[in-house]
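Just input.txt here, compact mmCIF, C-alpha atoms:
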```txt
# COMPACT_ATOMS: atom_id res chain seq x y z
CA GLY P 5 -143.55 -42.32 29.99
CA GLU P 6 -145.30 -45.57 30.82
CA GLN P 7 -149.05 -45.46 31.23
CA VAL P 8 -151.75 -47.81 32.36
CA GLU P 9 -155.19 -47.38 30.85
CA GLN P 10 -158.09 -48.47 33.04
CA LEU P 11 -161.68 -48.88 31.93
CA PRO P 12 -164.43 -48.26 32.67
CA SER P 13 -164.15 -45.17 34.86
CA ILE P 14 -167.59 -45.85 36.37
CA LEU P 15 -169.26 -49.25 36.68
CA ARG P 16 -172.75 -49.81 38.05
CA VAL P 17 -173.97 -53.33 38.70
CA GLN P 18 -176.77 -55.04 40.56
CA GLU P 19 -176.05 -56.98 43.73
CA ARG P 20 -175.02 -60.60 43.12
CA SER P 21 -173.96 -59.92 39.54
CA SER P 22 -170.34 -59.86 38.31
CA ALA P 23 -168.18 -56.82 37.74
CA SER P 24 -165.16 -56.61 35.44
CA ILE P 25 -162.46 -53.97 35.22
CA ASN P 26 -159.88 -53.95 32.46
CA CYS P 27 -156.39 -52.47 32.29
CA THR P 28 -153.78 -52.31 29.57
CA TYR P 29 -150.11 -51.50 29.97
CA GLU P 30 -147.38 -50.38 27.60
CA ASN P 31 -144.14 -52.06 28.64
CA SER P 32 -143.94 -55.77 27.89
CA ALA P 33 -141.26 -56.09 30.58
CA SER P 34 -143.71 -55.24 33.37
CA ASN P 35 -143.95 -58.29 35.62
CA TYR P 36 -146.09 -57.38 38.61
CA PHE P 37 -149.71 -56.23 38.58
CA PRO P 38 -151.43 -55.27 41.86
CA TRP P 39 -155.01 -54.21 42.42
CA TYR P 40 -156.04 -51.77 45.13
CA LYS P 41 -159.44 -50.99 46.62
CA GLN P 42 -160.10 -47.55 48.07
CA GLU P 43 -163.21 -46.75 50.07
CA PRO P 44 -164.34 -43.13 50.48
CA GLY P 45 -162.04 -41.17 52.75
CA GLU P 46 -159.70 -44.13 53.15
CA ASN P 47 -156.32 -45.15 51.79
CA PRO P 48 -155.84 -47.62 48.92
CA LYS P 49 -155.51 -51.20 50.15
CA LEU P 50 -154.01 -54.11 48.23
CA ILE P 51 -156.66 -56.74 47.50
CA ILE P 52 -154.98 -59.05 45.00
CA ASP P 53 -151.93 -59.14 42.75
CA ILE P 54 -150.54 -61.28 39.97
CA ARG P 55 -147.05 -61.83 38.60
CA SER P 56 -146.08 -62.40 35.01
CA ASN P 57 -145.45 -66.11 35.53
CA MET P 58 -149.17 -66.62 36.10
CA GLU P 59 -152.23 -66.21 33.88
CA ARG P 60 -154.93 -66.45 36.52
CA LYS P 61 -155.20 -65.92 40.27
CA GLN P 62 -158.22 -66.16 42.53
CA ILE P 63 -158.75 -65.08 46.12
CA GLN P 64 -162.28 -65.90 47.19
CA GLY P 65 -164.59 -63.85 44.93
CA LEU P 66 -161.75 -61.93 43.23
CA ILE P 67 -160.25 -63.21 39.99
CA VAL P 68 -157.35 -61.61 38.15
CA LEU P 69 -156.47 -62.57 34.58
CA LEU P 70 -153.27 -61.64 32.81
CA ASP P 71 -152.77 -61.74 29.02
CA LYS P 72 -149.13 -60.85 28.45
CA LYS P 73 -149.38 -61.06 24.69
CA ALA P 74 -152.12 -58.43 24.63
CA LYS P 75 -150.54 -56.52 27.56
CA ARG P 76 -153.88 -56.64 29.30
CA PHE P 77 -155.01 -57.65 32.76
CA SER P 78 -158.38 -57.62 34.42
CA LEU P 79 -160.16 -57.89 37.75
CA HIS P 80 -163.39 -59.83 38.04
CA ILE P 81 -165.55 -59.62 41.12
CA THR P 82 -168.09 -62.41 41.34
CA ASP P 83 -171.31 -62.26 43.35
CA THR P 84 -170.94 -58.55 44.09
CA GLN P 85 -172.24 -57.06 47.33
CA PRO P 86 -172.92 -53.43 48.28
CA ALA P 87 -169.74 -53.63 50.40
CA ASP P 88 -167.78 -54.00 47.15
CA SER P 89 -168.74 -50.44 46.22
CA ALA P 90 -165.46 -48.49 46.12
CA MET P 91 -162.78 -47.12 43.84
CA TYR P 92 -160.51 -49.73 42.32
CA PHE P 93 -157.04 -49.08 40.93
CA CYS P 94 -154.89 -51.33 38.81
CA ALA P 95 -151.14 -50.87 38.52
CA ALA P 96 -148.23 -52.27 36.58
CA SER P 97 -144.62 -52.46 37.66
CA ARG P 98 -141.98 -50.37 35.96
CA PRO P 99 -139.26 -52.75 34.79
CA ASN P 100 -136.04 -52.80 36.78
CA THR P 101 -137.43 -50.46 39.41
CA ASP P 102 -139.38 -50.71 42.64
CA LYS P 103 -142.07 -48.46 41.23
CA VAL P 104 -145.49 -49.03 39.75
CA VAL P 105 -147.68 -46.87 37.56
CA PHE P 106 -151.35 -46.66 38.45
CA GLY P 107 -154.43 -46.61 36.30
CA THR P 108 -156.87 -43.75 36.75
CA GLY P 109 -159.36 -45.82 38.72
CA THR P 110 -162.82 -47.35 38.39
CA ARG P 111 -165.67 -46.34 40.65
CA LEU P 112 -167.78 -49.44 41.25
CA GLN P 113 -171.31 -48.97 42.51
CA VAL P 114 -173.22 -52.09 43.58
CA SER P 115 -176.95 -51.55 43.98
CA PRO P 116 -179.07 -53.69 46.32
CA GLU S 8 -149.58 -55.27 56.84
CA ALA S 9 -147.14 -52.35 57.01
CA ALA S 10 -147.93 -49.62 59.48
CA VAL S 11 -147.67 -46.25 57.77
CA THR S 12 -148.76 -43.08 59.47
CA GLN S 13 -148.97 -39.54 58.17
CA SER S 14 -149.20 -36.13 59.77
CA PRO S 15 -150.98 -33.86 59.63
CA ARG S 16 -154.16 -35.51 58.39
CA ASN S 17 -155.60 -32.20 57.27
CA LYS S 18 -153.82 -28.95 56.48
CA VAL S 19 -154.87 -25.52 55.30
CA ALA S 20 -152.04 -23.40 53.94
CA VAL S 21 -151.73 -20.00 52.31
CA THR S 22 -150.28 -19.41 48.89
CA GLY S 23 -146.53 -18.89 49.15
CA GLY S 24 -146.27 -20.57 52.50
CA LYS S 25 -144.12 -23.57 53.35
CA VAL S 26 -145.78 -26.90 54.01
CA THR S 27 -144.17 -30.06 55.35
CA LEU S 28 -145.98 -33.39 55.22
CA SER S 29 -144.55 -36.17 57.33
CA CYS S 30 -144.67 -39.92 56.97
CA ASN S 31 -143.50 -42.64 59.32
CA GLN S 32 -143.36 -46.40 58.76
CA THR S 33 -142.54 -49.05 61.32
CA ASN S 34 -141.99 -52.12 59.14
CA ASN S 35 -138.40 -51.42 58.18
CA HIS S 36 -139.19 -51.14 54.48
CA ASN S 37 -136.40 -49.75 52.35
CA ASN S 38 -138.65 -47.95 49.88
CA MET S 39 -140.95 -45.04 50.55
CA TYR S 40 -143.09 -43.04 48.13
CA TRP S 41 -145.12 -39.86 47.98
CA TYR S 42 -148.18 -39.69 45.71
CA ARG S 43 -150.89 -37.19 45.13
CA GLN S 44 -154.41 -38.19 44.23
CA ASP S 45 -156.65 -36.05 42.11
CA THR S 46 -159.93 -36.89 40.43
CA GLY S 47 -159.32 -38.17 36.93
CA HIS S 48 -155.61 -38.71 37.49
CA GLY S 49 -155.46 -41.54 39.94
CA LEU S 50 -152.26 -41.75 41.98
CA ARG S 51 -149.24 -39.90 40.64
CA LEU S 52 -145.72 -40.36 41.97
CA ILE S 53 -144.02 -37.20 43.26
CA HIS S 54 -140.85 -38.44 44.96
CA TYR S 55 -139.55 -41.73 46.26
CA SER S 56 -136.66 -43.09 48.26
CA TYR S 57 -134.74 -46.34 48.36
CA GLY S 58 -133.34 -45.77 51.82
CA ALA S 59 -132.15 -43.28 54.38
CA GLY S 60 -130.40 -40.34 52.78
CA SER S 61 -131.73 -41.01 49.27
CA THR S 62 -134.46 -39.25 47.35
CA GLU S 63 -135.42 -39.58 43.71
CA LYS S 64 -137.77 -37.60 41.49
CA GLY S 65 -140.97 -39.24 40.42
CA ASP S 66 -143.26 -38.27 37.58
CA ILE S 67 -144.44 -34.90 38.88
CA PRO S 68 -141.68 -33.50 41.16
CA ASP S 69 -141.94 -29.82 40.23
CA GLY S 70 -142.75 -27.67 43.25
CA TYR S 71 -141.91 -30.44 45.73
CA LYS S 72 -138.86 -31.55 47.65
CA ALA S 73 -138.39 -34.68 49.70
CA SER S 74 -136.26 -35.70 52.65
CA ARG S 75 -135.46 -39.18 54.03
CA PRO S 76 -133.49 -38.63 57.22
CA SER S 77 -133.99 -42.17 58.50
CA GLN S 78 -135.35 -45.56 57.49
CA GLU S 79 -138.65 -44.74 59.20
CA ASN S 80 -139.30 -41.15 58.10
CA PHE S 81 -139.95 -39.56 54.72
CA SER S 82 -141.11 -35.96 54.37
CA LEU S 83 -142.60 -34.02 51.48
CA ILE S 84 -141.86 -30.31 51.41
CA LEU S 85 -143.70 -27.61 49.53
CA GLU S 86 -141.42 -24.58 49.78
CA LEU S 87 -143.86 -22.18 48.13
CA ALA S 88 -147.32 -23.67 48.17
CA THR S 89 -149.69 -22.89 45.30
CA PRO S 90 -153.45 -23.55 44.93
CA SER S 91 -152.66 -26.15 42.25
CA GLN S 92 -151.08 -28.26 45.00
CA THR S 93 -154.43 -28.64 46.72
CA SER S 94 -154.87 -32.40 46.78
CA VAL S 95 -154.82 -35.55 48.86
CA TYR S 96 -151.30 -36.80 49.49
CA PHE S 97 -150.50 -40.43 50.24
CA CYS S 98 -147.27 -41.84 51.56
CA ALA S 99 -146.49 -45.49 50.94
CA SER S 100 -143.77 -47.94 51.90
CA GLY S 101 -142.67 -51.24 50.48
CA ASP S 102 -139.77 -53.40 49.46
CA ARG S 103 -138.71 -55.38 46.41
CA LEU S 104 -139.29 -58.69 48.12
CA GLY S 105 -142.98 -57.86 48.17
CA GLY S 106 -143.50 -57.29 44.56
CA PRO S 107 -142.96 -54.14 44.69
CA THR S 108 -146.10 -54.13 46.80
CA GLN S 109 -146.78 -50.79 48.43
CA TYR S 110 -148.68 -50.10 51.63
CA PHE S 111 -150.34 -46.74 51.95
CA GLY S 112 -150.75 -44.36 54.85
CA PRO S 113 -154.11 -42.76 55.67
CA GLY S 114 -153.49 -39.67 53.55
CA THR S 115 -153.19 -35.93 54.14
CA ARG S 116 -155.81 -33.59 52.75
CA LEU S 117 -154.10 -30.29 51.81
CA LEU S 118 -155.96 -27.14 50.90
CA VAL S 119 -153.91 -24.19 49.64
CA LEU S 120 -155.82 -20.93 49.67
```
Output the structure of this file as C-alpha cells.
Amino acid sequence: GEQVEQLPSILRVQERSSASINCTYENSASNYFPWYKQEPGENPKLIIDIRSNMERKQIQGLIVLLDKKAKRFSLHITDTQPADSAMYFCAASRPNTDKVVFGTGTRLQVSP
Amino acid sequence: EAAVTQSPRNKVAVTGGKVTLSCNQTNNHNNMYWYRQDTGHGLRLIHYSYGAGSTEKGDIPDGYKASRPSQENFSLILELATPSQTSVYFCASGDRLGGPTQYFGPGTRLLVL
C-alpha cells in the first residue's frame, strides 16, 4: 500500500530557532498534502496544506515546500515558541479517492 | 471548522464484549472516517464512508464494523473486543471540495481489559 515516511520522529529545538520536518510519499499522482498539529490529549488540527500546483505556501510562521520530482514535502516553522511544542503529522492524498495516508508523526519540543 | 463530536470520550471494556463508538458531525460533509492512533503508527484508517448507507474498509478493518445510518452519524463497532484494540479512536469528516481536508473529533480513549 501507499506509505508516507516522516522524519525525524523527535525534534528538539531552542526557542526562536527554526524547525523542519520532512516527509516523502510513494505515489506521484498524490496531489494534496495537509499538515496537522496535535497537542497532548487533543485531536489533530489542520494547520496548513499545499496542492500539487504549488511549490511553496506560507501562513505566518509556517512554510510548506513541495518537490514533486523528489516526491518530498516539508514543513518549516520559523521563530519557534514553546507553544509550538506538539506532535505534527504530514499526510498525502491517495489518488482518485477522498482519503489520505498519514506519516507516523514528529514530536517537536521547543525549549525556552 | 467542522463540528465533529464523539461518544463516549472514555471507555473501559472487557475482552469479548461489544463496543460501539459513535460519531456525529453537523457540517453536512459527505465523507466520514474512523482512525485509530497508536504510538509509532500515527493515524491508521479503519473504515470510511462516502455517504449515508455506505461503508468501506480502510487499511486495518479486521475486528471492526462500521455503520452510517445518516449523513450526520457514523459508528464503529467492535463485536468482540480484544486487548489489541486498546487505543485512541478518532472520527473525522470532510468532503472532496476541501482537499480532501479532514476535520477530527475529540477522540475516544478505549481500554480493553
- Task: Please measure the separation of CA of Ser97 in chain P and CA of Ser34 in chain P, giving the value in Å to one decimal.
- Result: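 Taking CA of Ser97 in chain P as the start and CA of Ser34 in chain P as the end point, the length is 5.2 Å.
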- Task: Report the distance between CA of Cys94 in chain P and CA of Gly114 in chain S in Å, rounded to one decimal place.
- Result: 18.8 Å
- Message: My list of candidates is S:Thr62, S:Thr108, S:Asn17, S:Asn80. Which is closest to chain P when distances are computed with all atoms listed in the file?
- Response: S:Thr108
- Query: Near Leu83 in chain S, within 12 Å and counting only C-alpha atoms, which residues show up once chain neighbours fewer than 3 positions away are dropped, as a PyMOL selection string?
  - Reply: chain S and resi 13-15+25-31+39-43+52-56+62-64+68+70-76+80+86+88+96-98+115
Where does chain P meet chain S within 12 Å, residue by residue, with the nearest atom pair and distance in Å to one decimal for each, counting all atoms listed in the file, listed by chain and rising number, as a tab-separated table?
```
residue	atom	partner	partner_atom	distance
P:Gly5	CA	S:Asp66	CA	8.6
P:Glu6	CA	S:Asp66	CA	10.2
P:Gln7	CA	S:Arg51	CA	10.9
P:Val8	CA	S:Gly49	CA	10.5
P:Glu9	CA	S:Gly49	CA	10.8
P:Gln10	CA	S:Gly49	CA	10.1
P:Ser13	CA	S:Gly47	CA	8.8
P:Ile14	CA	S:Gly47	CA	11.3
P:Ser34	CA	S:Gly106	CA	11.4
P:Asn35	CA	S:Gly106	CA	9.0
P:Tyr36	CA	S:Gly106	CA	6.5
P:Phe37	CA	S:Gly106	CA	8.7
P:Pro38	CA	S:Thr108	CA	7.4
P:Trp39	CA	S:Thr108	CA	9.9
P:Tyr40	CA	S:Gln109	CA	9.9
P:Lys41	CA	S:Phe111	CA	11.4
P:Gln42	CA	S:Phe111	CA	10.5
P:Glu43	CA	S:Pro113	CA	11.4
P:Pro44	CA	S:Pro113	CA	11.5
P:Gly45	CA	S:Pro113	CA	8.6
P:Glu46	CA	S:Pro113	CA	6.3
P:Asn47	CA	S:Pro113	CA	5.1
P:Pro48	CA	S:Phe111	CA	6.3
P:Lys49	CA	S:Phe111	CA	7.1
P:Leu50	CA	S:Tyr110	CA	7.5
P:Ile51	CA	S:Thr108	CA	10.9
P:Ile52	CA	S:Thr108	CA	10.3
P:Asp53	CA	S:Thr108	CA	8.7
P:Ile54	CA	S:Gly106	CA	9.3
P:Arg55	CA	S:Gly106	CA	8.3
P:Ser56	CA	S:Gly106	CA	11.1
P:Met91	CA	S:Gly49	CA	10.0
P:Tyr92	CA	S:Gly49	CA	9.9
P:Phe93	CA	S:Gly49	CA	7.8
P:Cys94	CA	S:Gly49	CA	9.9
P:Ala95	CA	S:Leu50	CA	9.8
P:Ala96	CA	S:Pro107	CA	9.9
P:Ser97	CA	S:Pro107	CA	7.4
P:Arg98	CA	S:Pro107	CA	9.6
P:Pro99	CA	S:Pro107	CA	10.7
P:Asn100	CA	S:Arg103	CA	10.3
P:Thr101	CA	S:Pro107	CA	8.5
P:Asp102	CA	S:Pro107	CA	5.4
P:Lys103	CA	S:Pro107	CA	6.7
P:Val104	CA	S:Pro107	CA	7.5
P:Val105	CA	S:Arg51	CA	7.8
P:Phe106	CA	S:Leu50	CA	6.1
P:Gly107	CA	S:Gly49	CA	6.3
P:Thr108	CA	S:Gly49	CA	4.1
P:Gly109	CA	S:Gly49	CA	5.9
P:Thr110	CA	S:Gly49	CA	9.5
P:Arg111	CA	S:Gly47	CA	11.0
```
- Message: Could you tell me how far CA of Gly24 in chain S sits from CA of Leu87 in chain S, in Å to one decimal place?
- Response: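 These atoms are spaced 5.2 Å apart.
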- Item | Within 7 Å of file point (-136.1, -48.9, 56.2), counting all atoms listed in the file, expressed as a list in words | Asn35, His36, Asn37, Asn38, Gly58, Gln78 and Glu79 of chain S
- Surrounding residues of range 17-20 of chain P excluding itself and chain neighbours under 4 positions, 10 Å, only C-alpha atoms, as a count of residues only: 15
